[in-house]
Amino acid sequence: MDEGEYESVLCVKPEVHVYRIPPRATNRGYRAAEWQLDQPSWSGRLRITAKGQVAYIKLEDRTSGELFAQAPVDQFPGTAVESVTDSSRYFVIRIEDGTGRRAFIGIGFGDRGDAFDFNVALQDHFKWVKQQCEFAKQAQNPDQGPKLDLGFKEGQTIKLNIANMKKKEGAAGTPRARPASTGGLSLLPPPPGGKTPTLIPPPGEQLSVGGSLVQPAVASSSGPLPAKLSQAQAGCSSNVNATLSSYDFWKGAASSGPKKGG
């Protein structure tokens, strides 16, 4: 045991009684009824401490704390601490004086709850010792620990509902189809219920009608056309008539020309 190892206190009971017990003649266990329970050999305080994996049951004086006897416990349940067969408040412990001499004595508690705490403190300590031993073994041999098997067992299958996945993807992010472009230009369709826009020149520019420049004007459904527009239309008609007359003249001249042999 390491001398520099920390010693912890597991349990303290203010009153415990010590009894001399007769030697056990058979293997049937100890019985507290065979002790002189009304005449304890010693009474004092009980303290359970732990140093490393070993627990120590210490019997001490209530006032001075002087050690009366000590019982090292390296295993529980075991021969160092045994319960009696006829009561839950009495135990038999094996004390040692440090020189190799051992003796068995009986201890008892006046309160049944104190006896329960005494038993549980020893159980918890050696449960912790067992866990520490398992952790040490796993640290030395990590490959021997349980492994997680994520493979499929024989006959095991998995089902994926791909149809619902496609529906969700189509409803969430399906792009709208664009109209096919013609001639390298992409024209947007007219809005619903709209009319085809009419080309109107900007202010200050003129339209060319039949070779004449005309100021733009908007026709009114209730009034006559502006004068300039009427004059432009009249000039356009006279130009057309003059062109037709010239064409008729040259056509007539060609038909009335000299004839061969005449």
# chains A, B, ... in the order shown; residues from 1 in each chain; ligands from 1

$ residues_around --residues "segment 53-69 of chain A" --least-positions-apart "6" --cutoff "8 Å" --atoms "only C-alpha atoms" --output "MDAnalysis selection string"
chainID A and resid 14 44:47 95:97 122 125:126 129

$ write_last_selection --atoms "N, CA, C and O atoms" --output "compact mmCIF listing (two decimals), in the first residue's frame"
# COMPACT_ATOMS: atom_id res chain seq x y z
N PRO A 14 -21.83 7.09 15.59
CA PRO A 14 -21.37 7.54 16.91
C PRO A 14 -21.38 6.45 17.98
O PRO A 14 -20.70 6.60 19.01
N GLY A 44 -18.11 2.45 21.73
CA GLY A 44 -17.45 3.65 21.24
C GLY A 44 -17.98 4.06 19.87
O GLY A 44 -19.15 3.82 19.53
N ARG A 45 -17.11 4.65 19.08
CA ARG A 45 -17.47 5.18 17.76
C ARG A 45 -16.90 4.29 16.68
O ARG A 45 -15.78 3.78 16.81
N LEU A 46 -17.65 4.15 15.58
CA LEU A 46 -17.18 3.37 14.43
C LEU A 46 -16.97 4.31 13.25
O LEU A 46 -17.81 5.18 12.97
N ARG A 47 -15.87 4.10 12.56
CA ARG A 47 -15.54 4.90 11.38
C ARG A 47 -15.03 3.96 10.29
O ARG A 47 -14.17 3.14 10.55
N ILE A 95 -10.28 -8.43 13.24
CA ILE A 95 -9.38 -7.32 13.55
C ILE A 95 -7.93 -7.79 13.47
O ILE A 95 -7.63 -8.97 13.65
N GLU A 96 -7.04 -6.81 13.19
CA GLU A 96 -5.60 -7.09 13.11
C GLU A 96 -4.86 -6.01 13.89
O GLU A 96 -5.28 -4.85 13.90
N ASP A 97 -3.73 -6.37 14.50
CA ASP A 97 -2.95 -5.40 15.28
C ASP A 97 -1.73 -4.89 14.54
O ASP A 97 -0.94 -4.12 15.09
N LEU A 122 -19.87 -0.29 2.76
CA LEU A 122 -18.93 -1.30 2.27
C LEU A 122 -19.30 -1.77 0.86
O LEU A 122 -18.43 -1.96 0.00
N HIS A 125 -18.26 0.92 -1.77
CA HIS A 125 -16.82 1.01 -1.97
C HIS A 125 -16.31 -0.11 -2.88
O HIS A 125 -15.55 0.15 -3.83
N PHE A 126 -16.73 -1.31 -2.65
CA PHE A 126 -16.22 -2.43 -3.45
C PHE A 126 -16.89 -2.49 -4.82
O PHE A 126 -16.33 -3.09 -5.75
N VAL A 129 -14.51 -0.27 -6.59
CA VAL A 129 -13.26 -1.00 -6.85
C VAL A 129 -13.41 -1.90 -8.07
O VAL A 129 -12.51 -1.98 -8.92

$ atom_distance --atom1 "atom CA of Val73 of chain A" --atom2 "atom CA of Gly108 of chain A"
17.6 Å

$ atom_distance --atom1 "atom CA of Thr99 of chain A" --atom2 "atom CA of Leu10 of chain A"
25.5 Å

$ atom_distance --atom1 "atom CA of Tyr6 of chain A" --atom2 "atom CA of Ala121 of chain A"
17.7 Å

$ select_by_dssp --residues "segment 65-126 of chain A" --states "strand (DSSP E or B)" --output "list in words"
Leu67, Phe68, Ala69, Gln70, Ala71, Pro72, Val73, Val81, Glu82, Ser83, Tyr90, Phe91, Val92, Ile93, Arg94, Ile95, Glu96, Arg102, Ala103, Phe104, Ile105, Gly106, Ile107 and Gly108 of chain A

$ residues_around --residues "Thr85 of chain A" --least-positions-apart "6" --cutoff "9 Å" --atoms "only C-alpha atoms" --output "list in words"
Arg28, Gly29, Tyr30, Arg31 and Ala32 of chain A
